$ cat coords_20.txt   # compact mmCIF, C-alpha atoms
# COMPACT_ATOMS: atom_id res chain seq x y z
CA MET A 1 -10.59 -72.63 -11.33
CA MET A 2 -13.45 -70.37 -10.38
CA HIS A 3 -12.66 -66.94 -8.89
CA SER A 4 -14.78 -65.73 -6.06
CA ARG A 5 -16.73 -62.58 -6.71
CA ALA A 6 -14.79 -60.87 -3.90
CA ASN A 7 -11.55 -61.01 -5.98
CA ILE A 8 -13.09 -59.38 -9.04
CA ARG A 9 -12.91 -55.56 -9.26
CA PRO A 10 -16.45 -54.36 -9.79
CA TYR A 11 -17.10 -52.27 -12.89
CA ASN A 12 -18.80 -49.12 -11.67
CA ALA A 13 -18.68 -45.32 -11.86
CA GLN A 14 -15.71 -45.08 -9.49
CA VAL A 15 -13.60 -47.23 -11.83
CA LEU A 16 -14.46 -44.98 -14.78
CA VAL A 17 -13.52 -41.84 -12.82
CA GLY A 18 -10.21 -43.41 -11.73
CA ASN A 19 -9.24 -44.35 -15.31
CA TRP A 20 -10.18 -40.91 -16.59
CA TYR A 21 -8.05 -39.24 -13.89
CA GLU A 22 -5.00 -41.40 -14.71
CA ASP A 23 -5.35 -40.58 -18.41
CA ARG A 24 -5.60 -36.88 -17.63
CA VAL A 25 -2.48 -36.94 -15.43
CA MET A 26 -0.51 -38.73 -18.16
CA GLU A 27 -1.66 -36.24 -20.81
CA GLU A 28 -0.65 -33.32 -18.58
CA GLU A 29 2.80 -34.86 -18.02
CA VAL A 30 3.27 -35.32 -21.77
CA LEU A 31 2.20 -31.71 -22.40
CA THR A 32 4.49 -30.38 -19.66
CA ASP A 33 7.43 -32.34 -21.08
CA PHE A 34 6.67 -31.03 -24.58
CA LEU A 35 6.49 -27.40 -23.44
CA GLU A 36 9.74 -27.72 -21.49
CA LYS A 37 11.60 -29.22 -24.45
CA ARG A 38 10.17 -26.59 -26.80
CA SER A 39 11.27 -23.74 -24.53
CA THR A 40 14.83 -25.10 -24.36
CA GLY A 41 15.07 -25.97 -28.07
CA GLN A 42 15.32 -29.72 -27.48
CA LEU A 43 12.58 -30.83 -29.86
CA SER A 44 13.80 -32.84 -32.84
CA SER A 45 12.19 -30.32 -35.17
CA GLN A 46 14.13 -27.50 -33.49
CA LYS A 47 17.51 -29.17 -33.53
CA MET A 48 19.87 -28.49 -36.41
CA SER A 49 22.95 -30.39 -37.34
CA GLU A 50 26.41 -29.07 -36.51
CA VAL A 51 26.98 -28.36 -40.20
CA GLU A 52 23.77 -26.31 -40.38
CA ARG A 53 24.64 -24.43 -37.19
CA MET A 54 28.18 -23.57 -38.28
CA SER A 55 26.92 -22.52 -41.73
CA GLN A 56 24.63 -19.82 -40.37
CA THR A 57 25.40 -16.35 -41.72
CA ILE A 58 26.52 -13.79 -39.13
CA PRO A 59 27.35 -10.07 -39.44
CA LEU A 60 30.87 -8.69 -39.70
CA SER A 61 32.16 -5.52 -38.08
CA ILE A 62 31.34 -2.35 -39.97
CA SER A 63 34.48 -0.58 -41.10
CA ALA A 64 34.95 3.05 -40.12
CA GLY A 65 35.30 5.85 -42.63
CA ASP A 66 39.10 5.73 -42.41
CA GLY A 67 39.10 2.15 -43.77
CA LEU A 68 41.69 1.01 -41.23
CA LEU A 69 41.97 -2.53 -39.89
CA ARG A 70 41.51 -2.55 -36.11
CA PHE A 71 41.91 -4.95 -33.23
CA GLY A 72 38.54 -6.27 -32.11
CA HIS A 73 37.12 -6.41 -35.63
CA GLN A 74 34.95 -9.42 -36.47
CA LEU A 75 36.08 -10.24 -39.98
CA MET A 76 36.96 -12.78 -42.65
CA LEU A 77 40.40 -13.72 -43.93
CA ILE A 78 40.16 -14.18 -47.70
CA HIS A 79 42.81 -15.63 -49.97
CA THR A 80 43.74 -13.39 -52.91
CA SER A 81 46.63 -15.12 -54.70
CA VAL A 82 46.71 -15.94 -58.39
CA TYR A 83 48.48 -19.23 -59.02
CA SER A 84 49.69 -21.22 -62.02
CA ALA A 85 48.48 -24.79 -62.48
CA GLN A 86 51.34 -27.27 -62.11
CA ASN A 87 50.74 -29.12 -65.39
CA THR A 88 49.29 -26.49 -67.72
CA GLY A 89 50.71 -23.26 -66.30
CA GLU A 90 47.26 -21.69 -66.61
CA LYS A 91 46.78 -18.85 -64.13
CA SER A 92 43.72 -18.85 -61.88
CA GLN A 93 42.33 -16.81 -59.01
CA LEU A 94 42.23 -18.98 -55.90
CA SER A 95 38.99 -18.03 -54.15
CA CYS A 96 38.70 -19.32 -50.61
CA CYS A 97 38.63 -18.03 -47.07
CA LEU A 98 39.86 -19.28 -43.73
CA ALA A 99 37.40 -21.50 -41.85
CA THR A 100 37.25 -23.99 -39.00
CA GLY A 101 36.98 -27.58 -40.15
CA ILE A 102 36.55 -30.96 -38.53
CA PRO A 103 37.97 -32.38 -35.26
CA HIS A 104 41.72 -32.88 -35.36
CA SER A 105 44.32 -34.43 -33.08
CA SER A 106 47.93 -33.28 -33.32
CA GLY A 107 48.97 -35.37 -30.32
CA LEU A 108 50.90 -32.36 -29.02
CA GLN A 109 48.32 -30.72 -26.79
CA ASP A 110 46.72 -33.11 -24.33
CA GLY A 111 43.18 -32.20 -23.36
CA ALA A 112 42.92 -29.32 -25.84
CA THR A 113 40.07 -29.00 -28.31
CA GLU A 114 41.45 -29.05 -31.85
CA VAL A 115 39.86 -28.67 -35.28
CA THR A 116 41.44 -28.36 -38.70
CA ALA A 117 41.92 -25.00 -40.41
CA THR A 118 40.66 -25.14 -43.96
CA GLY A 119 40.04 -22.95 -46.99
CA THR A 120 36.35 -22.92 -47.82
CA THR A 121 35.18 -21.76 -51.24
CA SER A 122 31.98 -20.39 -49.71
CA ILE A 123 32.91 -16.72 -49.42
CA ARG A 124 30.35 -15.52 -46.90
CA PRO A 125 30.56 -14.77 -43.16
CA THR A 126 29.42 -17.75 -41.10
CA LEU A 127 30.13 -19.11 -37.64
CA ARG A 128 33.03 -21.06 -39.11
CA SER A 129 34.51 -18.36 -41.37
CA ALA A 130 34.25 -15.22 -39.22
CA PHE A 131 36.97 -14.48 -36.68
CA ILE A 132 38.00 -11.94 -34.07
CA LEU A 133 41.28 -10.09 -34.64
CA GLY A 134 42.98 -9.69 -31.28
CA LYS A 135 46.21 -8.89 -29.50
CA PRO A 136 48.39 -11.77 -28.25
CA ASN A 137 47.85 -10.73 -24.61
CA LEU A 138 44.04 -10.81 -25.21
CA SER A 139 43.71 -7.19 -24.05
CA VAL A 140 40.64 -5.33 -25.31
CA SER A 141 41.67 -2.69 -27.83
CA SER A 142 40.40 -0.87 -30.90
CA ASP A 143 43.83 0.34 -31.99
CA SER A 144 44.60 0.24 -35.68
CA VAL A 145 46.70 -2.70 -36.89
CA LYS A 146 50.08 -1.81 -38.36
CA TYR A 147 52.48 -3.75 -40.55
CA GLY A 148 54.80 -5.70 -38.27
CA ASP A 149 52.19 -6.07 -35.51
CA GLU A 150 51.68 -9.42 -33.82
CA ILE A 151 48.07 -10.66 -33.84
CA ILE A 152 45.93 -13.65 -32.97
CA LEU A 153 42.83 -14.91 -34.77
CA SER A 154 40.12 -16.60 -32.71
CA ASP A 155 36.65 -17.90 -33.43
CA THR A 156 33.74 -15.62 -32.54
CA ASN A 157 33.45 -17.24 -29.09
CA GLY A 158 37.12 -16.56 -28.33
CA GLU A 159 37.68 -20.25 -27.61
CA LEU A 160 39.72 -21.52 -30.60
CA PHE A 161 42.91 -19.89 -31.91
CA LEU A 162 44.58 -20.21 -35.30
CA THR A 163 47.80 -22.11 -34.56
CA CYS A 164 50.75 -23.55 -36.46
CA VAL A 165 51.96 -26.97 -35.23
CA LYS A 166 54.66 -29.39 -36.32
CA SER A 167 53.50 -32.17 -38.60
CA SER A 168 54.45 -35.82 -38.19
CA THR A 169 53.78 -36.52 -41.88
CA ARG A 170 55.21 -33.46 -43.66
CA ALA A 171 58.69 -32.24 -44.52
CA GLY A 172 60.46 -30.24 -41.83
CA ARG A 173 59.89 -26.93 -43.61
CA THR A 174 56.10 -27.43 -43.65
CA CYS A 175 53.72 -27.32 -40.68
CA ASP A 176 50.04 -28.03 -40.11
CA VAL A 177 47.56 -25.26 -39.39
CA ILE A 178 44.81 -25.92 -36.86
CA PHE A 179 42.48 -24.17 -34.44
CA THR A 180 43.06 -25.07 -30.80
CA SER A 181 41.75 -24.02 -27.40
CA ASN A 182 45.32 -24.01 -26.07
CA LYS A 183 46.64 -20.53 -26.94
CA THR A 184 50.44 -20.46 -26.97
CA ARG A 185 53.21 -18.58 -28.75
CA ASN A 186 52.41 -20.80 -31.75
CA SER A 187 49.07 -18.96 -32.02
CA VAL A 188 50.77 -15.63 -32.76
CA TRP A 189 51.07 -14.25 -36.31
CA ILE A 190 52.74 -11.19 -37.82
CA VAL A 191 51.01 -8.99 -40.41
CA MET A 192 53.53 -8.31 -43.18
CA HIS A 193 53.52 -6.27 -46.37
CA PRO A 194 53.38 -8.50 -49.48
CA ASN A 195 56.33 -6.78 -51.16
CA ILE A 196 59.54 -8.07 -49.60
CA ASN A 197 61.55 -5.08 -50.80
CA ALA A 198 59.07 -2.60 -49.29
CA ARG A 199 58.56 -4.23 -45.89
CA LEU A 200 61.10 -2.11 -44.07
CA GLU A 201 59.54 1.04 -45.52
CA PHE A 202 55.96 0.06 -44.59
CA ASP A 203 56.79 -1.39 -41.17
CA GLY A 204 54.76 0.53 -38.57
CA SER A 205 52.29 2.02 -41.06
CA ASP A 206 48.54 1.34 -40.86
CA VAL A 207 47.00 -1.68 -42.57
CA LYS A 208 43.81 -0.94 -44.47
CA ILE A 209 40.92 -3.33 -44.88
CA ASP A 210 41.18 -5.20 -48.19
CA ASP A 211 44.96 -4.56 -48.39
CA LYS A 212 46.85 -7.63 -49.54
CA ILE A 213 48.96 -8.96 -46.68
CA VAL A 214 51.13 -11.92 -45.70
CA LEU A 215 50.55 -13.69 -42.38
CA ALA A 216 53.84 -14.98 -40.99
CA HIS A 217 53.97 -17.38 -38.06
CA ALA A 218 55.81 -15.45 -35.34
CA PRO A 219 58.00 -18.29 -33.91
CA THR A 220 59.03 -19.85 -37.26
CA ASN A 221 58.69 -17.02 -39.80
CA LYS A 222 56.70 -19.37 -42.07
CA CYS A 223 53.68 -18.13 -44.00
CA LEU A 224 50.04 -19.14 -43.94
CA SER A 225 49.55 -20.75 -47.33
CA VAL A 226 47.05 -22.70 -49.43
CA ASN A 227 47.97 -26.07 -50.92
CA VAL A 228 46.56 -25.57 -54.42
CA GLU A 229 47.16 -29.20 -55.41
CA HIS A 230 45.28 -30.84 -52.56
CA PHE A 231 41.68 -30.74 -51.36
CA ASN A 232 40.07 -32.08 -48.21
CA ARG A 233 36.61 -33.61 -48.18
CA SER A 234 34.48 -32.70 -45.19
CA PRO A 235 30.79 -32.41 -44.26
CA TYR A 236 31.04 -28.87 -45.67
CA GLY A 237 32.16 -30.08 -49.09
CA ARG A 238 35.45 -29.99 -50.99
CA GLU A 239 37.83 -27.51 -49.37
CA HIS A 240 41.45 -26.41 -49.73
CA GLU A 241 44.16 -27.66 -47.41
CA LEU A 242 46.04 -24.95 -45.49
CA LEU A 243 49.73 -25.11 -44.62
CA CYS A 244 52.38 -23.04 -42.94
CA GLU A 245 55.51 -23.00 -45.08
CA LEU A 246 58.17 -21.00 -46.92
CA SER A 247 60.37 -18.39 -45.30
CA THR A 248 59.17 -14.80 -45.67
CA GLY A 249 62.74 -13.87 -46.51
CA SER A 250 62.76 -15.87 -49.74
CA PHE A 251 61.85 -14.47 -53.14
CA ALA A 252 59.99 -17.73 -53.72
CA THR A 253 57.15 -16.18 -51.71
CA TYR A 254 56.12 -14.25 -54.79
CA LYS A 255 55.18 -17.53 -56.46
CA ALA A 256 53.45 -19.04 -53.43
CA PRO A 257 49.73 -18.71 -52.66
CA ILE A 258 50.33 -16.72 -49.46
CA LEU A 259 48.48 -13.47 -50.15
CA TRP A 260 45.43 -12.73 -48.00
CA LYS A 261 43.18 -9.82 -47.12
CA PHE A 262 40.98 -9.03 -44.14
CA GLN A 263 37.39 -8.18 -44.98
CA THR A 264 34.75 -6.46 -42.87
CA GLN A 265 31.32 -5.12 -43.72
CA SER A 266 31.32 -1.88 -45.65
CA ALA A 267 29.63 1.10 -44.03
CA TYR A 268 28.24 2.17 -47.40
$ encode --input "coords_20.txt" --output "structure tokens"
Amino acid sequence: MMHSRANIRPYNAQVLVGNWYEDRVMEEEVLTDFLEKRSTGQLSSQKMSEVERMSQTIPLSISAGDGLLRFGHQLMLIHTSVYSAQNTGEKSQLSCCLATGIPHSSGLQDGATEVTATGTTSIRPTLRSAFILGKPNLSVSSDSVKYGDEIILSDTNGELFLTCVKSSTRAGRTCDVIFTSNKTRNSVWIVMHPNINARLEFDGSDVKIDDKIVLAHAPTNKCLSVNVEHFNRSPYGREHELLCELSTGSFATYKAPILWKFQTQSAY
């Protein structure tokens, strides 16, 4: 079938100008979209994975000349216990620090954000291993922390709180340790002296940075502990499992990996 000449778009200078204008508009739209994404960090080359983001190094609070631990400090909680291997009896230093882990669901707190609490062997301050030491009522304070004080530990955004929860898979004397956005009485811990016989004497005295301490869960009197026989695999690598177990009134605590220390950045 032959088309009449009237139905055919003539090829002339106006057609060339029109095509050039459309191309220019499209190029400008692409450039505008690129600049907008670059300014908001949405380019693929600018995006980092969650593991990379949480592994970024951040500064800790600088300790004052008195060396005292204070509320409001941004710090790390480092494990300091020496333990004996179950089969060989060989003693080893257990080097790990508290860190946020992977998403978790306890089934006890509907709608709350929950992640596991884990013991990372990477001893450096990052977004997942640095925490804010606060008071249970969330009041702003720089008071020194004393033995027997109740504390909370939150992530650097103040959104997730170290919490002890009942476990559906563990024995009754053992609880899970998680970070949750739902702060309750189960998010409160007591700073205790490591020597059971000296606790009454030291109660009310100042805690110094790097002092060995025991963190007891306020409602249950169980201690934050490391399971030396079990590791968790996560995107961050092989990490220690954390538990809340053993009464602080038992002499068995001397044998348990429950000794910790708070660490800030030295002023010197």
$ residues_around --input "coords_20.txt" --residues "Leu77 of chain A" --least-positions-apart "4" --cutoff "6 Å" --atoms "only C-alpha atoms" --output "NGL selection string"
:A and (97-98 or 261-262)
$ closest_residue --input "coords_20.txt" --among "A:Arg70, A:Leu242, A:Val214, A:Ser141" --to "Ile196 of chain A" --atoms "all atoms listed in the file"
A:Val214
$ atom_distance --input "coords_20.txt" --atom1 "atom CA of Cys244 of chain A" --atom2 "atom CA of Ser55 of chain A"
25.5 Å
$ axis_aligned_box --input "coords_20.txt" --around "segment 63-69 of chain A" --padding-each-side "3 Å" --output "AutoDock Vina command-line options"
--center_x 38.2 --center_y 1.7 --center_z -41.8 --size_x 13.5 --size_y 14.4 --size_z 9.9
$ residues_around --input "coords_20.txt" --residues "Thr116 of chain A" --least-positions-apart "2" --cutoff "9 Å" --atoms "only C-alpha atoms" --output "list in words"
Ala99, Thr100, Gly101, Ile102, Pro103, His104, Ser105, Glu114, Thr118, Asp176, Val177, Ile178, Phe179, Thr180 and Leu242 of chain A
$ residues_around --input "coords_20.txt" --residues "Asp206 of chain A" --least-positions-apart "6" --cutoff "10 Å" --atoms "all atoms listed in the file" --output "list in words"
Gly67, Leu68, Leu69, Arg70, Ser144, Val145, Lys146, Tyr147, Gly148 and Asp149 of chain A
$ residues_around --input "coords_20.txt" --residues "Ile132 of chain A" --least-positions-apart "6" --cutoff "12 Å" --atoms "all atoms listed in the file" --output "PyMOL selection string"
chain A and resi 60-61+69-77+138+140-142+151-162+262-264
$ write_last_selection --input "coords_20.txt" --atoms "C-alpha atoms" --output "PDB file, in the coordinates of the input"
ATOM      1  CA  LEU A  60      30.870  -8.690 -39.700  1.00  0.00           C
ATOM      2  CA  SER A  61      32.160  -5.520 -38.080  1.00  0.00           C
ATOM      3  CA  LEU A  69      41.970  -2.530 -39.890  1.00  0.00           C
ATOM      4  CA  ARG A  70      41.510  -2.550 -36.110  1.00  0.00           C
ATOM      5  CA  PHE A  71      41.910  -4.950 -33.230  1.00  0.00           C
ATOM      6  CA  GLY A  72      38.540  -6.270 -32.110  1.00  0.00           C
ATOM      7  CA  HIS A  73      37.120  -6.410 -35.630  1.00  0.00           C
ATOM      8  CA  GLN A  74      34.950  -9.420 -36.470  1.00  0.00           C
ATOM      9  CA  LEU A  75      36.080 -10.240 -39.980  1.00  0.00           C
ATOM     10  CA  MET A  76      36.960 -12.780 -42.650  1.00  0.00           C
ATOM     11  CA  LEU A  77      40.400 -13.720 -43.930  1.00  0.00           C
ATOM     12  CA  LEU A 138      44.040 -10.810 -25.210  1.00  0.00           C
ATOM     13  CA  VAL A 140      40.640  -5.330 -25.310  1.00  0.00           C
ATOM     14  CA  SER A 141      41.670  -2.690 -27.830  1.00  0.00           C
ATOM     15  CA  SER A 142      40.400  -0.870 -30.900  1.00  0.00           C
ATOM     16  CA  ILE A 151      48.070 -10.660 -33.840  1.00  0.00           C
ATOM     17  CA  ILE A 152      45.930 -13.650 -32.970  1.00  0.00           C
ATOM     18  CA  LEU A 153      42.830 -14.910 -34.770  1.00  0.00           C
ATOM     19  CA  SER A 154      40.120 -16.600 -32.710  1.00  0.00           C
ATOM     20  CA  ASP A 155      36.650 -17.900 -33.430  1.00  0.00           C
ATOM     21  CA  THR A 156      33.740 -15.620 -32.540  1.00  0.00           C
ATOM     22  CA  ASN A 157      33.450 -17.240 -29.090  1.00  0.00           C
ATOM     23  CA  GLY A 158      37.120 -16.560 -28.330  1.00  0.00           C
ATOM     24  CA  GLU A 159      37.680 -20.250 -27.610  1.00  0.00           C
ATOM     25  CA  LEU A 160      39.720 -21.520 -30.600  1.00  0.00           C
ATOM     26  CA  PHE A 161      42.910 -19.890 -31.910  1.00  0.00           C
ATOM     27  CA  LEU A 162      44.580 -20.210 -35.300  1.00  0.00           C
ATOM     28  CA  PHE A 262      40.980  -9.030 -44.140  1.00  0.00           C
ATOM     29  CA  GLN A 263      37.390  -8.180 -44.980  1.00  0.00           C
ATOM     30  CA  THR A 264      34.750  -6.460 -42.870  1.00  0.00           C
TER      31      THR A 264
END
$ atom_distance --input "coords_20.txt" --atom1 "atom CA of Gly119 of chain A" --atom2 "atom CA of Leu200 of chain A"
29.8 Å
